[in-house]
Amino acid sequence: MRRADRLFLIINALRGRRTALQARQLAEMLGVSLRTVYRDVADLQLSGVPIEGEAGVGYMLRKGSDIPPLMFTAEELESLVVGTRFVRAFAGEKLAAGAQAALLKIEAVLPPELRERSSRTRIYAPIWRDAHSTAFAERIDQLHAAIEAQHVLRLLYKDEAGRASEREVEPLCLAFWGGKWTLGTWCRLRKDFRNFRPDRIDQMEKTGEIFQSAPDRDLNSYMQAMRGYYSGLE
């Protein structure tokens, strides 16, 4: 966790509290040592943040210095928690870490009753991290990065029947279909939009080329093509 994020979480963990928060609780929440908490709080106090208290006693914001917390309904909060759990279970490690950090920041500024509600949510997406799933999460991160950077990719791919082919593709998006991911692309071999399952990609490498979006083969055109395709199946 970045130090800036840690300082943000400390401030927000103290918001709205009527009793002092122990340094030990802050350390457990942030996953750091007590010494790190003491140092961070001291730095915040020196920078003008109105934190009262000291080591061994606990910390709280000076009365009257608080600002209103984020306002969520119980249903909105549950949606955020459940969404975070699904991202952690099925997305790449980078997105999973980002979702978890975002949820920590949100929960840090919630009033106690909503914070307790978030911990009672009974919709789960269990995380199983064996060697295969860890490697697959890394593949999702790699594809996500290629989409963001607009890297042309060379894929060695096997279809459902096990037939192998080599493709150069312009990656446009990732989609999760309740158990399976697909990579939406413009396929240069077929000169059309094609979907590829990441779990069937045997090898993947960047060609070194950066592609430019074109009106007939960009993400919007891909989405229109997919809508037309699936509408035709009904």
# chains A, B, ... in the order shown; residues from 1 in each chain; ligands from 1
call {"tool": "residues_around", "arguments": {"residues": "Cys173 of chain A", "least_positions_apart": "2", "cutoff": "8 Å", "atoms": "only C-alpha atoms", "output": "PyMOL selection string"}}
result
chain A and resi 144+147+171+175+183-185+219
call {"tool": "residues_around", "arguments": {"residues": "Leu44 of chain A", "least_positions_apart": "5", "cutoff": "8 Å", "atoms": "only C-alpha atoms", "output": "PyMOL selection string"}}
result
chain A and resi 7+49+51
call {"tool": "residues_around", "arguments": {"residues": "Arg88 of chain A", "least_positions_apart": "5", "cutoff": "10 Å", "atoms": "only C-alpha atoms", "output": "list in words"}}
result
Val82, Gly83, Glu93, Lys94, Leu95, Ala96, Ala97, Gly98, Ala99, Gln100, Ala125, Pro126, Ile127 and Ala137 of chain A
call {"tool": "write_last_selection", "arguments": {"atoms": "C-alpha atoms", "output": "short mmCIF file (atom, residue, chain, number, x, y, z; two decimals), in the first residue's frame"}}
result
data_model
loop_
_atom_site.label_atom_id
_atom_site.label_comp_id
_atom_site.auth_asym_id
_atom_site.auth_seq_id
_atom_site.Cartn_x
_atom_site.Cartn_y
_atom_site.Cartn_z
CA VAL A 82 -20.25 -7.84 -3.54
CA GLY A 83 -18.71 -6.22 -6.61
CA GLU A 93 -4.28 -9.33 -9.38
CA LYS A 94 -3.92 -5.63 -10.26
CA LEU A 95 -7.66 -5.00 -10.47
CA ALA A 96 -8.27 -7.16 -7.39
CA ALA A 97 -5.81 -5.12 -5.33
CA GLY A 98 -7.35 -1.88 -6.60
CA ALA A 99 -10.86 -3.02 -5.72
CA GLN A 100 -9.81 -4.02 -2.21
CA ALA A 125 -17.13 -15.14 -4.45
CA PRO A 126 -14.57 -17.53 -2.88
CA ILE A 127 -10.97 -17.01 -3.92
CA ALA A 137 -4.84 -13.93 -13.13
#
call {"tool": "residues_around", "arguments": {"residues": "Ser119 of chain A", "least_positions_apart": "2", "cutoff": "10 Å", "atoms": "only C-alpha atoms", "output": "PyMOL selection string"}}
result
chain A and resi 78+81+107+114-117+121-122
call {"tool": "residues_around", "arguments": {"residues": "Gln22 of chain A", "least_positions_apart": "5", "cutoff": "12 Å", "atoms": "only C-alpha atoms", "output": "count of residues only"}}
result
20
call {"tool": "select_by_dssp", "arguments": {"residues": "segment 11-220 of chain A", "states": "strand (DSSP E or B)", "output": "ChimeraX atom specification"}}
result
/A:21,51-54,58-61,151-158,164-176,181-187,192-196,201-210
call {"tool": "residues_around", "arguments": {"residues": "Leu156 of chain A", "least_positions_apart": "4", "cutoff": "10 Å", "atoms": "only C-alpha atoms", "output": "ChimeraX atom specification"}}
result
/A:164-168,200-205
call {"tool": "closest_residue", "arguments": {"among": "A:Lys158, A:His151, A:Arg197, A:Arg188", "to": "Phe136 of chain A", "atoms": "only C-alpha atoms"}}
result
A:Arg197
